[in-house]
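Asker: What follows is entry_31.txt, compact mmCIF, C-alpha atoms and all ligand atoms.
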```
# COMPACT_ATOMS: atom_id res chain seq x y z
CA MET A 1459 41.24 52.85 22.93
CA LYS A 1460 39.72 55.93 21.32
CA ILE A 1461 36.04 56.11 20.40
CA ILE A 1462 34.22 58.85 18.52
CA SER A 1463 30.47 58.71 19.00
CA VAL A 1464 28.10 60.66 16.83
CA VAL A 1465 24.79 62.41 17.44
CA GLY A 1466 22.81 64.60 15.07
CA ALA A 1467 19.10 64.69 15.77
CA ARG A 1468 16.81 64.60 18.79
CA PRO A 1469 16.25 60.83 19.06
CA ASN A 1470 20.04 60.28 19.16
CA PHE A 1471 20.48 62.14 22.42
CA MET A 1472 18.52 59.63 24.54
CA LYS A 1473 20.66 56.86 23.05
CA ILE A 1474 24.07 58.45 23.57
CA ALA A 1475 23.52 59.65 27.16
CA PRO A 1476 23.69 56.16 28.75
CA PHE A 1477 26.55 55.14 26.45
CA ILE A 1478 28.67 58.05 27.68
CA ARG A 1479 27.74 57.23 31.26
CA ALA A 1480 28.81 53.60 30.73
CA ILE A 1481 32.19 54.74 29.35
CA GLU A 1482 32.69 56.97 32.40
CA ARG A 1483 31.85 54.08 34.70
CA HIS A 1484 34.25 51.79 32.85
CA ASN A 1485 37.04 54.36 33.08
CA GLN A 1486 36.62 54.65 36.87
CA SER A 1487 37.28 50.98 37.45
CA ALA A 1488 38.84 49.15 34.55
CA LEU A 1489 41.54 49.10 31.93
CA PRO A 1490 42.12 49.84 29.11
CA LYS A 1491 40.78 53.37 29.58
CA ILE A 1492 38.57 54.67 26.79
CA GLU A 1493 39.23 58.07 25.33
CA HIS A 1494 35.90 59.39 24.15
CA VAL A 1495 35.12 62.21 21.71
CA LEU A 1496 31.52 63.31 21.15
CA VAL A 1497 30.66 64.73 17.72
CA HIS A 1498 27.36 66.56 17.10
CA THR A 1499 26.68 66.95 13.39
CA GLY A 1500 24.31 69.87 14.07
CA GLN A 1501 21.38 68.34 12.14
CA HIS A 1502 19.13 69.52 14.99
CA TYR A 1503 20.22 72.87 16.35
CA ASP A 1504 17.27 74.65 18.04
CA ASP A 1505 17.65 74.78 21.82
CA THR A 1506 14.34 72.92 22.19
CA MET A 1507 15.50 70.16 19.82
CA SER A 1508 19.09 69.80 21.06
CA LYS A 1509 20.57 71.83 23.95
CA ARG A 1510 17.59 71.13 26.20
CA PHE A 1511 18.22 67.38 25.87
CA PHE A 1512 21.94 67.71 26.56
CA GLN A 1513 21.10 69.56 29.77
CA ALA A 1514 18.24 67.31 30.88
CA LEU A 1515 20.16 64.09 30.21
CA ASP A 1516 23.46 65.40 31.54
CA ILE A 1517 25.29 64.92 28.26
CA PRO A 1518 28.60 66.80 28.22
CA GLU A 1519 28.82 69.48 25.57
CA ALA A 1520 29.92 67.98 22.25
CA ASP A 1521 33.69 68.13 21.74
CA ILE A 1522 33.10 68.94 18.08
CA ASN A 1523 30.01 70.40 16.39
CA LEU A 1524 29.94 70.11 12.59
CA GLY A 1525 27.20 72.76 12.32
CA VAL A 1526 25.52 71.11 9.35
CA GLY A 1527 21.93 72.28 10.03
CA SER A 1528 18.85 71.78 7.86
CA GLY A 1529 18.79 71.04 4.15
CA THR A 1530 17.84 68.38 1.64
CA HIS A 1531 18.93 64.85 2.47
CA SER A 1532 21.86 65.05 0.05
CA GLU A 1533 22.95 68.39 1.43
CA GLN A 1534 22.82 67.12 5.01
CA VAL A 1535 24.58 63.84 4.26
CA GLY A 1536 27.16 65.37 1.92
CA GLN A 1537 28.11 68.23 4.23
CA THR A 1538 28.32 65.89 7.21
CA MET A 1539 30.62 63.51 5.32
CA ILE A 1540 32.98 66.30 4.27
CA ALA A 1541 33.20 67.73 7.79
CA PHE A 1542 33.42 64.33 9.52
CA GLU A 1543 36.24 63.18 7.25
CA THR A 1544 38.38 66.05 8.54
CA VAL A 1545 37.52 65.09 12.12
CA LEU A 1546 38.51 61.47 11.57
CA ARG A 1547 41.81 62.40 9.94
CA GLY A 1548 42.64 64.64 12.90
CA GLU A 1549 41.41 62.43 15.74
CA LYS A 1550 42.34 58.98 14.36
CA PRO A 1551 39.89 56.97 16.50
CA ASP A 1552 39.86 53.18 16.79
CA TRP A 1553 36.06 53.06 16.60
CA VAL A 1554 33.19 55.24 15.44
CA VAL A 1555 29.92 54.56 17.24
CA VAL A 1556 26.67 55.62 15.59
CA VAL A 1557 23.14 55.30 16.95
CA GLY A 1558 19.68 55.08 15.39
CA ASP A 1559 18.80 55.86 11.80
CA VAL A 1560 19.00 59.59 11.09
CA ASN A 1561 21.03 61.26 8.34
CA ALA A 1562 23.94 61.82 10.74
CA THR A 1563 24.06 58.03 11.32
CA LEU A 1564 24.33 57.27 7.62
CA ALA A 1565 26.80 60.03 6.78
CA CYS A 1566 29.24 59.21 9.57
CA SER A 1567 29.03 55.46 8.92
CA VAL A 1568 30.03 55.84 5.29
CA THR A 1569 32.82 58.27 6.17
CA ALA A 1570 34.19 56.02 8.92
CA LYS A 1571 34.39 53.01 6.62
CA LYS A 1572 36.04 55.00 3.84
CA GLU A 1573 38.63 56.15 6.39
CA LEU A 1574 39.14 52.51 7.47
CA VAL A 1575 37.86 53.09 11.01
CA LYS A 1576 35.89 50.34 12.73
CA LEU A 1577 32.17 51.04 13.01
CA ALA A 1578 29.68 50.03 15.69
CA HIS A 1579 25.93 50.62 15.29
CA ILE A 1580 23.72 50.84 18.35
CA GLU A 1581 20.12 49.92 17.44
CA ALA A 1582 21.13 47.72 14.51
CA GLY A 1583 18.84 45.40 12.60
CA LEU A 1584 15.55 47.33 12.72
CA ARG A 1585 13.70 47.06 9.40
CA SER A 1586 10.43 48.63 8.26
CA ARG A 1587 10.91 47.23 4.73
CA ASP A 1588 9.58 50.57 3.50
CA MET A 1589 12.12 52.06 1.15
CA SER A 1590 10.18 55.32 0.91
CA MET A 1591 11.34 56.06 4.47
CA PRO A 1592 14.69 57.88 4.52
CA GLU A 1593 15.46 56.13 7.81
CA GLU A 1594 15.18 52.67 6.19
CA ILE A 1595 17.89 53.59 3.68
CA ASN A 1596 20.02 54.88 6.55
CA ARG A 1597 19.55 51.64 8.52
CA LEU A 1598 20.37 49.36 5.58
CA VAL A 1599 23.55 51.18 4.62
CA THR A 1600 24.75 51.61 8.20
CA ASP A 1601 24.20 47.94 9.04
CA ARG A 1602 25.83 46.76 5.82
CA LEU A 1603 28.97 48.71 6.75
CA SER A 1604 29.11 48.03 10.50
CA ASP A 1605 31.75 45.80 12.08
CA LEU A 1606 29.69 45.43 15.25
CA LEU A 1607 25.89 45.38 15.16
CA LEU A 1608 24.34 45.94 18.58
CA THR A 1609 20.70 44.89 18.40
CA PRO A 1610 17.76 45.97 20.60
CA ASP A 1611 15.67 42.79 20.27
CA ARG A 1612 15.81 39.26 18.87
CA LEU A 1613 13.77 40.10 15.76
CA SER A 1614 16.45 42.59 14.69
CA GLY A 1615 19.12 39.89 15.00
CA GLU A 1616 17.02 37.62 12.76
CA ASN A 1617 16.74 40.40 10.15
CA LEU A 1618 20.53 40.70 10.07
CA ARG A 1619 21.09 36.95 9.80
CA ARG A 1620 18.62 36.80 6.89
CA GLU A 1621 20.69 39.51 5.18
CA GLY A 1622 23.83 37.42 5.61
CA VAL A 1623 25.57 39.36 8.39
CA PRO A 1624 28.14 37.02 10.00
CA GLU A 1625 27.08 35.81 13.45
CA GLU A 1626 30.20 37.12 15.18
CA ARG A 1627 29.32 40.72 14.27
CA ILE A 1628 25.86 40.60 15.88
CA LYS A 1629 25.46 41.21 19.62
CA PHE A 1630 22.04 41.28 21.26
CA VAL A 1631 22.37 44.01 23.88
CA GLY A 1632 18.80 45.30 24.41
CA ASN A 1633 17.26 48.72 23.95
CA ILE A 1634 19.45 51.63 25.01
CA MET A 1635 16.47 54.06 24.97
CA ILE A 1636 15.13 52.18 27.95
CA ASP A 1637 18.35 52.85 29.89
CA THR A 1638 17.43 56.52 29.64
CA LEU A 1639 13.80 55.89 30.50
CA GLU A 1640 14.79 54.02 33.65
CA ALA A 1641 17.42 56.61 34.61
CA GLN A 1642 14.93 59.47 34.25
CA ARG A 1643 11.74 57.82 35.47
CA TYR A 1644 12.04 59.04 39.05
CA LYS A 1645 12.74 62.64 38.04
CA ALA A 1646 9.84 62.55 35.57
CA GLU A 1647 7.36 61.17 38.10
CA ARG A 1648 7.85 64.22 40.28
CA LEU A 1649 6.94 66.75 37.57
CA SER A 1650 3.53 68.39 37.60
CA ILE A 1651 1.48 67.77 34.48
CA LYS A 1652 -0.27 71.11 34.79
CA ALA A 1653 3.06 72.96 35.14
CA ILE A 1654 4.40 71.21 32.02
CA ILE A 1655 1.36 72.32 30.06
CA ARG A 1656 1.44 75.87 31.36
CA ASP A 1657 5.20 76.24 30.70
CA ASN A 1658 5.05 74.96 27.13
CA ALA A 1659 1.78 76.29 25.78
CA SER A 1660 2.78 79.73 24.60
CA LEU A 1661 2.09 79.26 20.91
CA GLY A 1662 -0.64 81.90 20.81
CA GLN A 1663 -3.42 79.63 22.00
CA THR A 1664 -5.99 80.92 24.49
CA LEU A 1665 -5.90 78.28 27.20
CA ASP A 1666 -9.19 77.57 28.85
CA PRO A 1667 -8.04 77.37 32.50
CA ALA A 1668 -11.09 75.25 33.32
CA SER A 1669 -9.76 72.51 31.06
CA LEU A 1670 -6.75 72.06 33.35
CA ASN A 1671 -8.60 72.32 36.63
CA SER A 1672 -9.77 68.81 37.22
CA ASP A 1673 -7.66 66.74 39.64
CA SER A 1674 -7.48 63.77 37.34
CA LEU A 1675 -7.07 64.95 33.78
CA ALA A 1676 -8.21 62.60 31.04
CA TYR A 1677 -5.92 63.36 28.15
CA GLY A 1678 -4.27 61.86 25.13
CA LEU A 1679 -0.93 62.75 23.52
CA VAL A 1680 -0.14 63.45 19.89
CA THR A 1681 3.30 63.51 18.25
CA MET A 1682 3.69 63.63 14.46
CA HIS A 1683 6.67 64.57 12.37
CA ARG A 1684 7.11 62.01 9.56
CA PRO A 1685 7.04 63.54 6.08
CA SER A 1686 4.46 60.87 5.07
CA ASN A 1687 2.04 62.35 7.63
CA VAL A 1688 2.82 66.04 7.88
CA ASP A 1689 4.10 66.97 4.42
CA VAL A 1690 0.88 66.03 2.56
CA LYS A 1691 -2.18 68.23 3.10
CA ASP A 1692 -4.63 65.47 2.10
CA VAL A 1693 -3.18 63.32 4.89
CA LEU A 1694 -2.61 65.94 7.58
CA GLN A 1695 -5.94 67.76 7.30
CA PRO A 1696 -8.28 64.77 7.85
CA ILE A 1697 -6.19 63.62 10.84
CA LEU A 1698 -6.27 67.12 12.32
CA ASP A 1699 -10.04 67.33 11.73
CA PHE A 1700 -10.46 63.98 13.49
CA PHE A 1701 -8.58 65.37 16.51
CA LEU A 1702 -10.51 68.65 16.44
CA HIS A 1703 -14.03 67.39 15.83
CA GLU A 1704 -14.03 63.97 17.47
CA VAL A 1705 -11.24 63.14 19.92
CA SER A 1706 -11.05 66.55 21.59
CA LYS A 1707 -14.81 66.36 22.30
CA GLU A 1708 -14.10 63.37 24.58
CA ILE A 1709 -10.66 63.96 26.05
CA LEU A 1710 -8.09 66.72 26.15
CA LEU A 1711 -5.27 66.35 23.64
CA PHE A 1712 -1.73 67.62 24.20
CA TRP A 1713 0.42 67.95 21.07
CA PRO A 1714 4.08 69.05 21.38
CA VAL A 1715 4.56 70.13 17.78
CA HIS A 1716 7.76 69.30 15.88
CA PRO A 1717 9.17 72.25 13.84
CA ARG A 1718 8.48 70.37 10.59
CA ALA A 1719 4.82 69.94 11.58
CA VAL A 1720 4.52 73.61 12.57
CA ARG A 1721 5.85 74.62 9.17
CA MET A 1722 3.48 72.33 7.30
CA LEU A 1723 0.39 73.26 9.38
CA GLN A 1724 1.14 76.91 8.61
CA ARG A 1725 1.80 76.24 4.93
CA PHE A 1726 -1.53 74.36 4.59
CA ASP A 1727 -3.48 77.09 6.46
CA LEU A 1728 -4.34 74.66 9.26
CA TRP A 1729 -2.39 76.29 12.08
CA GLN A 1730 -5.05 78.84 13.04
CA ARG A 1731 -7.76 76.21 12.97
CA ALA A 1732 -5.74 74.05 15.39
CA LEU A 1733 -5.03 76.99 17.69
CA GLU A 1734 -8.72 77.81 17.99
CA CYS A 1735 -9.65 74.44 19.50
CA PRO A 1736 -9.69 74.77 23.31
CA ASN A 1737 -9.26 71.04 23.94
CA LEU A 1738 -6.32 70.45 21.62
CA LEU A 1739 -3.38 72.16 23.26
CA LEU A 1740 -0.44 72.80 20.98
CA LEU A 1741 2.84 72.83 22.88
CA HIS A 1742 6.40 73.75 21.99
CA PRO A 1743 8.66 70.69 21.55
CA ILE A 1744 8.99 69.53 25.15
CA GLY A 1745 11.87 68.02 27.09
CA TYR A 1746 12.56 64.34 27.70
CA GLN A 1747 11.33 64.09 31.27
CA GLU A 1748 8.30 66.25 30.44
CA LEU A 1749 7.15 63.93 27.65
CA LEU A 1750 7.84 60.90 29.82
CA ARG A 1751 5.70 62.43 32.59
CA LEU A 1752 2.84 63.14 30.20
CA ASN A 1753 3.12 59.63 28.78
CA MET A 1754 2.88 58.05 32.25
CA ASP A 1755 -0.69 59.27 32.76
CA ALA A 1756 -1.95 59.55 29.19
CA ARG A 1757 -5.03 57.55 28.23
CA LEU A 1758 -3.46 56.92 24.85
CA MET A 1759 -0.89 58.26 22.41
CA PHE A 1760 -1.19 58.97 18.69
CA THR A 1761 2.35 58.93 17.31
CA ASP A 1762 4.53 58.27 14.30
CA SER A 1763 7.71 58.19 16.40
CA GLY A 1764 9.56 54.91 16.91
CA GLY A 1765 10.97 56.02 20.26
CA CYS A 1766 7.51 56.93 21.58
CA GLN A 1767 6.25 53.47 20.53
CA GLU A 1768 8.97 51.92 22.68
CA GLU A 1769 8.30 54.18 25.65
CA CYS A 1770 4.55 53.44 25.47
CA CYS A 1771 5.41 49.74 25.50
CA VAL A 1772 7.35 49.93 28.77
CA LEU A 1773 4.91 52.39 30.37
CA GLY A 1774 1.85 50.50 29.12
CA THR A 1775 0.21 53.44 27.34
CA PRO A 1776 -2.11 52.33 24.50
CA CYS A 1777 -0.28 53.51 21.38
CA LEU A 1778 -1.91 54.18 18.02
CA THR A 1779 1.01 54.23 15.60
CA LEU A 1780 0.19 56.52 12.68
CA ARG A 1781 2.14 54.41 10.17
CA TRP A 1782 1.45 51.47 7.88
CA ASN A 1783 4.59 49.62 8.96
CA THR A 1784 7.08 49.67 11.77
CA GLU A 1785 10.72 48.74 12.21
CA ARG A 1786 9.85 47.98 15.84
CA PRO A 1787 7.39 45.04 15.62
CA VAL A 1788 8.31 43.96 19.14
CA THR A 1789 6.15 46.87 20.40
CA LEU A 1790 3.03 45.67 18.54
CA GLN A 1791 0.08 43.96 20.19
CA GLU A 1792 0.69 40.78 18.17
CA HIS A 1793 4.11 40.50 19.84
CA GLY A 1794 2.68 41.22 23.29
CA GLY A 1795 3.15 45.02 23.16
CA VAL A 1796 0.69 47.92 23.29
CA SER A 1797 1.02 49.45 19.85
CA VAL A 1798 -1.42 49.14 16.92
CA LEU A 1799 -0.53 50.17 13.39
CA VAL A 1800 -3.32 52.45 12.20
CA GLY A 1801 -1.66 54.11 9.21
CA ASN A 1802 -2.94 57.55 8.29
CA ASP A 1803 -6.48 56.65 7.24
CA VAL A 1804 -8.99 58.28 9.56
CA GLY A 1805 -11.49 55.39 9.37
CA GLN A 1806 -8.87 53.01 10.69
CA ILE A 1807 -7.57 55.47 13.29
CA ARG A 1808 -11.12 56.08 14.56
CA LYS A 1809 -11.85 52.36 14.93
CA ALA A 1810 -8.66 51.71 16.89
CA TYR A 1811 -9.19 54.86 18.99
CA HIS A 1812 -12.60 53.65 20.20
CA ALA A 1813 -11.17 50.21 20.90
CA VAL A 1814 -8.37 51.51 23.17
CA LEU A 1815 -9.94 54.59 24.78
CA GLU A 1816 -11.06 52.70 27.87
CA ALA A 1817 -8.21 50.15 27.79
CA GLU A 1818 -6.23 49.42 30.94
CA ARG A 1819 -2.52 50.20 31.02
CA HIS A 1820 -0.54 47.11 30.14
CA PRO A 1821 3.22 47.65 30.64
CA VAL A 1822 5.42 45.22 28.73
CA ARG A 1823 9.17 44.79 28.98
CA PRO A 1824 10.78 42.97 26.05
CA GLU A 1825 13.90 40.90 26.77
CA LEU A 1826 16.95 42.95 27.85
CA TRP A 1827 15.03 46.24 27.95
CA ASP A 1828 16.35 46.37 31.47
CA GLY A 1829 18.26 49.66 31.73
CA LYS A 1830 21.68 47.97 31.35
CA THR A 1831 22.11 48.02 27.60
CA ALA A 1832 24.80 50.71 27.49
CA ILE A 1833 27.13 48.65 29.67
CA ARG A 1834 26.69 45.70 27.31
CA CYS A 1835 27.46 48.01 24.34
CA VAL A 1836 30.74 49.17 25.90
CA GLN A 1837 31.71 45.59 26.85
CA SER A 1838 30.98 44.38 23.32
CA ILE A 1839 33.19 47.07 21.79
CA LEU A 1840 36.01 46.32 24.23
CA SER A 1841 35.86 42.62 23.54
C1 LIG A 1901 14.83 63.81 11.66
C2 LIG A 1901 15.14 62.36 11.28
C3 LIG A 1901 14.01 61.45 11.76
C4 LIG A 1901 13.76 61.65 13.24
C5 LIG A 1901 13.50 63.12 13.51
C6 LIG A 1901 13.27 63.39 14.97
C7 LIG A 1901 16.37 61.99 9.21
C8 LIG A 1901 16.27 61.53 7.81
N1 LIG A 1901 15.21 62.20 9.83
O1 LIG A 1901 13.68 64.22 10.96
O2 LIG A 1901 14.38 60.11 11.54
O3 LIG A 1901 12.67 60.85 13.62
O4 LIG A 1901 14.64 63.88 13.06
O5 LIG A 1901 12.96 64.74 15.20
O6 LIG A 1901 17.45 62.15 9.72
N2 LIG A 1901 14.11 72.09 12.18
C9 LIG A 1901 14.12 73.15 13.04
N3 LIG A 1901 14.98 73.13 14.09
C10 LIG A 1901 15.84 72.10 14.31
C11 LIG A 1901 15.83 71.02 13.42
C12 LIG A 1901 14.96 71.03 12.36
O7 LIG A 1901 13.35 74.10 12.88
O8 LIG A 1901 16.59 72.14 15.29
C13 LIG A 1901 13.13 72.10 11.06
C14 LIG A 1901 13.74 72.61 9.79
O9 LIG A 1901 12.76 73.32 9.12
C15 LIG A 1901 14.04 71.32 9.02
C16 LIG A 1901 12.91 70.42 9.48
O10 LIG A 1901 12.68 70.78 10.84
O11 LIG A 1901 14.08 71.53 7.67
C17 LIG A 1901 13.22 68.96 9.39
O12 LIG A 1901 14.44 68.67 10.09
P1 LIG A 1901 15.35 67.41 9.63
O13 LIG A 1901 16.47 67.24 10.56
O14 LIG A 1901 15.68 67.56 8.18
O15 LIG A 1901 14.36 66.20 9.70
P2 LIG A 1901 13.31 65.75 10.83
O16 LIG A 1901 11.96 65.83 10.24
O17 LIG A 1901 13.55 66.49 12.10
```
Is it possible to give me this structure as structure tokens?

Answerer:
Amino acid sequence: MKIISVVGARPNFMKIAPFIRAIERHNQSALPKIEHVLVHTGQHYDDTMSKRFFQALDIPEADINLGVGSGTHSEQVGQTMIAFETVLRGEKPDWVVVVGDVNATLACSVTAKKELVKLAHIEAGLRSRDMSMPEEINRLVTDRLSDLLLTPDRLSGENLRREGVPEERIKFVGNIMIDTLEAQRYKAERLSIKAIIRDNASLGQTLDPASLNSDSLAYGLVTMHRPSNVDVKDVLQPILDFFLHEVSKEILLFWPVHPRAVRMLQRFDLWQRALECPNLLLLHPIGYQELLRLNMDARLMFTDSGGCQEECCVLGTPCLTLRWNTERPVTLQEHGGVSVLVGNDVGQIRKAYHAVLEAERHPVRPELWDGKTAIRCVQSILS
């Protein structure tokens, strides 16, 4: 059997690493052997957004890189489809496996189906029901086309059934991101927080060495990259001011800044203001184990990333999700998780921040988030 799996953007890399490992393990002991081809669409291309993750997660170099790069959604999707069609015609795989909900996922799903290749989607069935999110469009189309829908939790399976997906196409396999978390946890634990900060804080900020001197640092984490938060000045500026004038007076804040957020902070003339705050440390995009390490001891996280919501859930870090909805309700407090939806209104963020600042860690492990999801994905495809 021949499988092509596809990655394009940063959150895909944590999902494909365990899948490749599970194929290798299968090939060592069982038949039929799987021939695997890894395609990188090139949506993310900076070393800090791509290569660093391949190295840290031991992902073999992609067999084929489509080199698509940045652009509008239509440019990215269109160029990926054109290039991926050529790949499929040359490679003639039995299955295409896509992960997550980025533009690479959508583009390669549509191309695979048009080329009559079977399609499996890892992380199927997530729904935010927010059609202004590009990822929601990507999820809906990918799931509608998939022959095999591998779901991370039971709520996702229910979403698919409600949409009329036949039962035999849905397989509840658990969350593959957590395979990577469990595989990397030990390595992450051994990293020094202060070294991570020192190695990644060269954005022009004058670091106050005293702020890193205490033995037990009290700090929070920030990650923001969604267009709904960073592309609108009237949204981004009040949140930044809240960090600068309120949160950073109480605890240190570490913010590994996504390239999109850097661009928008600069465009809105907010970059300098952020750099001048000694207790809000802007970092380059950091590696997987480094973020995991910071998350393990953080007092709380402000994030609009779905993956970070899931990692906070398993690590027990109070998570203020800077969105009005989530496709991952299983991580929310009302489902037993640690995450609270606070949107991007500062009044609401402030209220939730004060409520969780002194909260105890409360790790939660949803069903089948057990580090063995990738094996179940491979078995489902084989059967
Ligand atoms: C994409 C995904 C989003 C995911 C996020 C994780 C879609 C629709 N969005 O959003 O779901 O959560 O990745 O990071 O697929 N850039 C660089 N270097 C890079 C890549 C991007 O500088 O290696 C800059 C470019 O200016 C680019 C911008 O970041 O225009 C946005 O990149 P893009 O891939 O279009 O979307 P993300 O915001 O990263």

Asker: From the list A:Ser1686, A:Asn1617, A:Thr1638, A:Thr1609, which residue is nearest ligand LIG 1901 (chain A) when using only C-alpha atoms and all ligand atoms?

Answerer: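 Comparing A:Ser1686, A:Asn1617, A:Thr1638, A:Thr1609 against ligand LIG 1901 (chain A), the winner is A:Ser1686.
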
Asker: Kindly give the distance, in Å, that separates CA of Leu1564 (chain A) and CA of Asn1596 (chain A), rounded to a single decimal.

Answerer: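 Atom-to-atom, CA of Leu1564 (chain A) and CA of Asn1596 (chain A) are spaced 5.0 Å apart.
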
Asker: Just the number, please: distance in Å from CA of Gly1774 (chain A) to CA of Glu1818 (chain A), one decimal.

Answerer: 8.4 Å

Asker: May I have the residues within 8 Å of ligand LIG 1901 (chain A), computed using only C-alpha atoms and all ligand atoms, as a ChimeraX atom specification?

Answerer: /A:1466-1469,1501-1508,1527-1531,1534,1559-1563,1592-1593,1596,1683-1685,1716-1719,1721,1763-1764

Asker: Would you mind reading off the distance between CA of Leu1723 (chain A) and CA of Glu1704 (chain A), one decimal, in Å?

Answerer: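 Computing the Euclidean distance for CA of Leu1723 (chain A) and CA of Glu1704 (chain A) yields 19.0 Å.
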
Asker: Determine, counting only C-alpha atoms, which protein, DNA and RNA residues have an atom within 10 Å of an atom of Phe1542 (chain A); residues of the same chain fewer than 3 positions away are not included. Present the result as number ranges by chain.

Answerer: A: 1464, 1497-1499, 1522-1524, 1536-1539, 1545-1548, 1562, 1565-1567, 1569-1570
